[in-house]
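Asker: To be precise about what I am sending: the file is called my_file_21.cif and holds mmCIF, C-alpha atoms and all ligand atoms.
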```cif
data_coords
loop_
_atom_site.label_atom_id
_atom_site.label_comp_id
_atom_site.auth_asym_id
_atom_site.auth_seq_id
_atom_site.Cartn_x
_atom_site.Cartn_y
_atom_site.Cartn_z
CA MET A 1 -69.12 61.82 16.25
CA SER A 2 -65.69 62.18 17.88
CA ILE A 3 -62.55 60.98 16.12
CA ARG A 4 -62.41 58.13 18.62
CA GLU A 5 -65.98 57.08 17.83
CA GLN A 6 -65.40 57.38 14.09
CA THR A 7 -62.31 55.17 14.33
CA ILE A 8 -64.07 52.52 16.43
CA THR A 9 -67.10 52.53 14.10
CA MET A 10 -64.86 52.15 11.07
CA LEU A 11 -62.88 49.28 12.62
CA GLU A 12 -66.01 47.47 13.80
CA SER A 13 -67.45 47.74 10.28
CA LEU A 14 -64.57 45.50 9.12
CA ARG A 15 -65.74 42.53 11.21
CA GLY A 16 -66.97 39.82 8.86
CA VAL A 17 -65.57 41.50 5.73
CA TRP A 18 -63.49 38.85 3.97
CA ASP A 19 -60.99 40.15 1.41
CA GLU A 20 -58.47 37.47 2.42
CA LEU A 21 -59.19 33.80 3.15
CA ALA A 22 -57.31 33.52 6.46
CA VAL A 23 -58.54 36.53 8.45
CA ASP A 24 -61.37 39.02 8.17
CA GLU A 25 -60.60 42.71 7.67
CA LEU A 26 -60.85 43.58 11.37
CA ASP A 27 -58.33 40.93 12.39
CA HIS A 28 -56.17 41.98 9.43
CA ALA A 29 -56.29 45.61 10.61
CA LEU A 30 -55.44 44.74 14.23
CA GLN A 31 -52.61 42.40 13.18
CA SER A 32 -51.21 45.07 10.84
CA ALA A 33 -51.14 47.53 13.75
CA ALA A 34 -49.51 44.93 16.01
CA ARG A 35 -46.77 44.21 13.49
CA ALA A 36 -46.14 47.96 13.17
CA LEU A 37 -45.93 48.32 16.96
CA ASP A 38 -43.55 45.34 17.13
CA ASP A 39 -41.32 47.15 14.63
CA GLY A 40 -41.23 50.37 16.65
CA ALA A 41 -43.23 52.37 14.11
CA ASP A 42 -44.33 55.90 14.99
CA ASP A 43 -47.98 56.67 15.80
CA GLU A 44 -48.88 57.81 12.28
CA LEU A 45 -47.40 54.71 10.67
CA VAL A 46 -49.16 52.40 13.16
CA LEU A 47 -52.45 54.19 12.52
CA ALA A 48 -52.03 54.03 8.75
CA SER A 49 -51.22 50.33 9.08
CA ALA A 50 -54.39 49.70 11.09
CA LEU A 51 -56.62 51.60 8.68
CA HIS A 52 -55.04 50.93 5.27
CA ASP A 53 -57.84 48.63 4.09
CA ILE A 54 -60.89 50.63 5.24
CA GLY A 55 -61.74 51.02 1.56
CA HIS A 56 -63.25 47.53 1.93
CA SER A 57 -65.72 48.77 4.58
CA SER A 58 -69.38 48.85 3.61
CA LEU A 59 -69.45 52.33 5.21
CA LEU A 60 -67.24 53.62 2.40
CA ALA A 61 -68.89 52.02 -0.60
CA CYS A 62 -66.81 53.31 -3.44
CA GLY A 63 -68.14 51.85 -6.69
CA SER A 64 -65.24 51.80 -9.09
CA VAL A 65 -62.87 53.90 -6.95
CA PRO A 66 -59.83 51.78 -5.92
CA HIS A 67 -59.82 50.86 -2.22
CA ASP A 68 -56.40 52.43 -1.62
CA ARG A 69 -57.69 55.82 -2.80
CA VAL A 70 -60.85 55.48 -0.71
CA ALA A 71 -58.68 54.98 2.37
CA ARG A 72 -56.48 57.96 1.58
CA ASP A 73 -59.48 60.24 1.03
CA TRP A 74 -61.11 59.26 4.33
CA LEU A 75 -57.92 59.41 6.40
CA THR A 76 -56.27 62.60 5.13
CA PRO A 77 -58.77 65.17 6.45
CA ARG A 78 -58.93 63.39 9.82
CA PHE A 79 -55.29 62.47 10.46
CA GLY A 80 -53.21 64.48 8.02
CA ALA A 81 -51.42 63.99 4.73
CA ARG A 82 -48.86 61.42 5.94
CA VAL A 83 -51.37 58.93 7.38
CA GLY A 84 -53.52 59.28 4.27
CA TRP A 85 -50.62 58.93 1.86
CA LEU A 86 -49.10 55.93 3.63
CA ALA A 87 -52.38 54.02 3.65
CA GLY A 88 -53.09 55.06 0.08
CA ALA A 89 -49.69 53.82 -1.09
CA HIS A 90 -50.05 50.18 0.01
CA VAL A 91 -50.89 48.98 -3.51
CA ALA A 92 -48.04 50.99 -5.09
CA ALA A 93 -45.71 49.49 -2.46
CA LYS A 94 -46.80 45.95 -3.36
CA ARG A 95 -46.25 46.65 -7.06
CA TYR A 96 -42.80 48.07 -6.29
CA LEU A 97 -41.72 45.11 -4.14
CA ALA A 98 -43.02 42.62 -6.70
CA ALA A 99 -40.96 44.38 -9.38
CA THR A 100 -37.73 44.72 -7.42
CA GLU A 101 -37.50 41.70 -5.07
CA PRO A 102 -37.58 38.36 -6.89
CA ALA A 103 -38.62 36.48 -3.76
CA TYR A 104 -41.36 38.91 -2.75
CA ALA A 105 -44.11 37.65 -5.03
CA ARG A 106 -43.72 34.17 -3.57
CA THR A 107 -44.55 35.53 -0.12
CA LEU A 108 -47.87 37.04 -1.19
CA SER A 109 -51.17 35.38 -0.40
CA ASP A 110 -53.11 33.89 -3.31
CA VAL A 111 -55.65 36.70 -3.05
CA SER A 112 -52.90 39.31 -3.16
CA VAL A 113 -51.30 37.73 -6.22
CA ALA A 114 -54.64 37.77 -8.00
CA SER A 115 -55.33 41.40 -7.09
CA LEU A 116 -51.81 42.40 -8.20
CA HIS A 117 -52.82 41.63 -11.78
CA ALA A 118 -55.94 43.75 -11.49
CA GLN A 119 -53.86 46.57 -9.97
CA GLY A 120 -51.56 46.75 -12.99
CA GLY A 121 -48.96 44.14 -12.08
CA ALA A 122 -45.40 44.49 -10.81
CA ALA A 123 -44.05 47.96 -11.58
CA VAL A 124 -41.99 50.82 -10.18
CA ASP A 125 -44.14 53.95 -10.18
CA PRO A 126 -41.75 56.93 -10.55
CA ALA A 127 -44.07 59.12 -8.49
CA PHE A 128 -44.03 56.55 -5.68
CA VAL A 129 -40.24 56.29 -5.38
CA ALA A 130 -39.85 60.06 -5.67
CA HIS A 131 -42.06 60.59 -2.63
CA PRO A 132 -40.30 61.40 0.65
CA TRP A 133 -42.42 58.92 2.63
CA TRP A 134 -42.02 55.91 0.37
CA PRO A 135 -39.65 53.93 2.67
CA ASP A 136 -42.36 53.96 5.33
CA ALA A 137 -44.89 52.78 2.73
CA LEU A 138 -42.67 49.72 2.19
CA ARG A 139 -42.65 49.11 5.94
CA LEU A 140 -46.45 49.35 6.02
CA ARG A 141 -46.65 46.87 3.13
CA ARG A 142 -44.59 44.32 5.04
CA PHE A 143 -46.82 44.73 8.12
CA ASP A 144 -49.81 44.26 5.80
CA ASP A 145 -48.40 41.08 4.27
CA ALA A 146 -47.57 39.66 7.72
CA ALA A 147 -51.11 40.32 9.00
CA LYS A 148 -52.93 37.41 7.40
CA ASN A 149 -52.24 34.74 10.00
CA PRO A 150 -55.32 33.16 11.63
CA THR A 151 -53.34 32.30 14.77
CA ALA A 152 -51.41 35.58 15.18
CA ARG A 153 -52.04 38.11 17.91
CA GLY A 154 -53.39 41.50 16.94
CA THR A 155 -53.64 44.68 18.95
CA ASP A 156 -57.07 45.80 20.16
CA ILE A 157 -59.57 48.37 18.95
CA ASP A 158 -59.06 50.55 22.01
CA THR A 159 -55.34 50.87 21.33
CA VAL A 160 -55.99 51.99 17.74
CA ALA A 161 -58.67 54.44 18.92
CA GLY A 162 -56.17 55.93 21.37
CA LEU A 163 -53.63 56.32 18.60
CA ALA A 164 -56.24 58.02 16.43
CA GLU A 165 -56.97 60.52 19.18
CA ARG A 166 -53.28 61.26 19.69
CA VAL A 167 -52.54 61.75 15.99
CA ALA A 168 -55.58 63.97 15.47
CA ALA A 169 -54.79 65.99 18.61
CA ALA A 170 -51.20 66.49 17.46
CA GLY A 171 -52.61 68.71 14.79
CA ALA A 172 -52.04 66.58 11.73
CA GLY A 173 -55.72 66.82 10.96
CA PRO A 174 -58.93 68.33 12.36
CA ALA A 175 -60.21 66.65 15.52
FE FE B 1 -54.10 44.80 3.63
#
```
What does the file become when written as structure tokens?
Answerer:
Amino acid sequence: MSIREQTITMLESLRGVWDELAVDELDHALQSAARALDDGADDELVLASALHDIGHSSLLACGSVPHDRVARDWLTPRFGARVGWLAGAHVAAKRYLAATEPAYARTLSDVSVASLHAQGGAAVDPAFVAHPWWPDALRLRRFDDAAKNPTARGTDIDTVAGLAERVAAAGAGPA
């Protein structure tokens, strides 16, 4: 299966998967990508934004493995270390923002507040803030948090598939 087909199959597997109450995981993915595009993010950051929650896909059943790690492990060999790390850091970014911005926790959805407890609560992970890509992980987290609006416009699957082809072809990962 080509990288384009793999990306489309993965996105389509998110239709009807409800981690949040307001949008399913496909709409969440496409809104995350749209918010990243609105912000002028580079291709890798847009792609990581679109695919950060693929750990919730039934195609990647992971048992007890956290969904952020599942995403990183699927993305890294296909799109390179940066896309994998950025997607895999979206929980660490939430924990960081909850620990350092008093108003941030009030902006989270009820589901996200509940999962924050299960993920270890608000905390600054020294390994996270020492990483060279962590500012972009915070950007991704804000796109993620803004992508739970049932009336918002998302991008489309074809746009994300095109991005996936470009990133893979740029040599970040095997095609
Ligand atoms: Fe998310």
Asker: Residues of chain A that have any atom at most 9 Å from an atom of ligand FE 1 (chain B): could you tabulate them with the shortest-distance atom pair and the distance in Å to one decimal, using only C-alpha atoms and all ligand atoms, ordered by chain and increasing number, as a tab-separated table?
Answerer:
```
residue	atom	partner	partner_atom	distance
A:Asp19	CA	B:FE1	FE	8.6
A:Glu20	CA	B:FE1	FE	8.6
A:Glu25	CA	B:FE1	FE	7.9
A:His28	CA	B:FE1	FE	6.8
A:Ala29	CA	B:FE1	FE	7.4
A:Ser32	CA	B:FE1	FE	7.8
A:Ser49	CA	B:FE1	FE	8.3
A:Ala50	CA	B:FE1	FE	8.9
A:Leu51	CA	B:FE1	FE	8.8
A:His52	CA	B:FE1	FE	6.4
A:Asp53	CA	B:FE1	FE	5.4
A:His90	CA	B:FE1	FE	7.6
A:Val91	CA	B:FE1	FE	8.9
A:Ser112	CA	B:FE1	FE	8.8
A:Arg141	CA	B:FE1	FE	7.7
A:Phe143	CA	B:FE1	FE	8.6
A:Asp144	CA	B:FE1	FE	4.8
A:Asp145	CA	B:FE1	FE	6.8
A:Ala147	CA	B:FE1	FE	7.6
A:Lys148	CA	B:FE1	FE	8.4
```
Asker: Pick out the closest residue to Leu45 in chain A from this set: A:Ala137, A:Val111, A:Ala71, A:Ala118. Count only C-alpha atoms.
Answerer: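 Under the stated criterion, the closest residue is A:Ala137.
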Asker: Using all atoms listed in the file for the distances, tell me which of A:Ile8, A:Ala33, A:Ala22, A:Ala105 is nearest to Thr155 in chain A.
Answerer: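 Going through A:Ile8, A:Ala33, A:Ala22, A:Ala105 one by one, the smallest distance to Thr155 in chain A is for A:Ala33.
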Asker: Would you mind reading off the distance between CA of Asp27 in chain A and CA of Leu86 in chain A, one decimal, in Å?
Answerer: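 These two atoms are separated by 19.7 Å.
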Asker: When you draw a straight line from CA of Gly162 in chain A to CA of Lys94 in chain A, how long is it in Å?
Answerer: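 So the answer is 28.3 Å.
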Asker: Just give me the residues with any atom within 12 Å of (-59.7, 64.0, 14.0), file coordinates, counting all atoms listed in the file, written as a PyMOL selection string.
Answerer: chain A and resi 1-7+74-80+83+161-175
Asker: Report, in Å to a single decimal, how far apart CA of Val46 in chain A and CA of Ala114 in chain A are.
Answerer: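 CA of Ala114 in chain A sits 26.3 Å away from CA of Val46 in chain A.
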Asker: Rank A:Ala99, A:Ser109, A:Trp133, A:Ala89 by their smallest atom-to-atom distance to Val23 in chain A, using all atoms listed in the file, and report the top residue only.
Answerer: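 Of all the options, A:Ser109 lies closest to Val23 in chain A.
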Asker: I need the residue nearest Pro150 in chain A from this list: A:His131, A:Leu26, A:Ala61, A:Asp73. Use all atoms listed in the file for the distance.
Answerer: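 Counting all atoms listed in the file, the residue closest to Pro150 in chain A is A:Leu26.
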Asker: May I have the protein, DNA and RNA residues with any atom at most 9 Å from the point (-67.5, 45.7, 1.2), counting all atoms listed in the file, written as a JSON list (two decimals) with C-alpha atoms, in the frame of the given file?
Answerer:
```json
[["chain", "number", "residue", "atom", "x", "y", "z"],
["A", 14, "LEU", "CA", -64.57, 45.50, 9.12],
["A", 17, "VAL", "CA", -65.57, 41.50, 5.73],
["A", 18, "TRP", "CA", -63.49, 38.85, 3.97],
["A", 19, "ASP", "CA", -60.99, 40.15, 1.41],
["A", 55, "GLY", "CA", -61.74, 51.02, 1.56],
["A", 56, "HIS", "CA", -63.25, 47.53, 1.93],
["A", 57, "SER", "CA", -65.72, 48.77, 4.58],
["A", 58, "SER", "CA", -69.38, 48.85, 3.61],
["A", 59, "LEU", "CA", -69.45, 52.33, 5.21],
["A", 60, "LEU", "CA", -67.24, 53.62, 2.40],
["A", 61, "ALA", "CA", -68.89, 52.02, -0.60],
["A", 62, "CYS", "CA", -66.81, 53.31, -3.44]]
```
Asker: Please determine, counting all atoms listed in the file, which residue among A:Asp24, A:Glu101, A:Asp68, A:Asp38 has the shortest atom-to-atom distance to Val124 in chain A.
Answerer: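 With all atoms listed in the file as the atom set, the closest residue is A:Glu101.
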Asker: For Trp134 in chain A, which of A:Ala93, A:Ala152, A:Ala81, A:Ala34 is the closest residue, counting all atoms listed in the file?
Answerer: A:Ala93
Asker: With 3 Å on each side, where is the centre of the axis-aligned box around all listed atoms of range 55-61 of chain A, and how long are its edges in Å to one decimal, as AutoDock Vina command-line options?
Answerer:
```
--center_x -65.6 --center_y 50.6 --center_z 2.3 --size_x 13.7 --size_y 12.1 --size_z 11.8
```
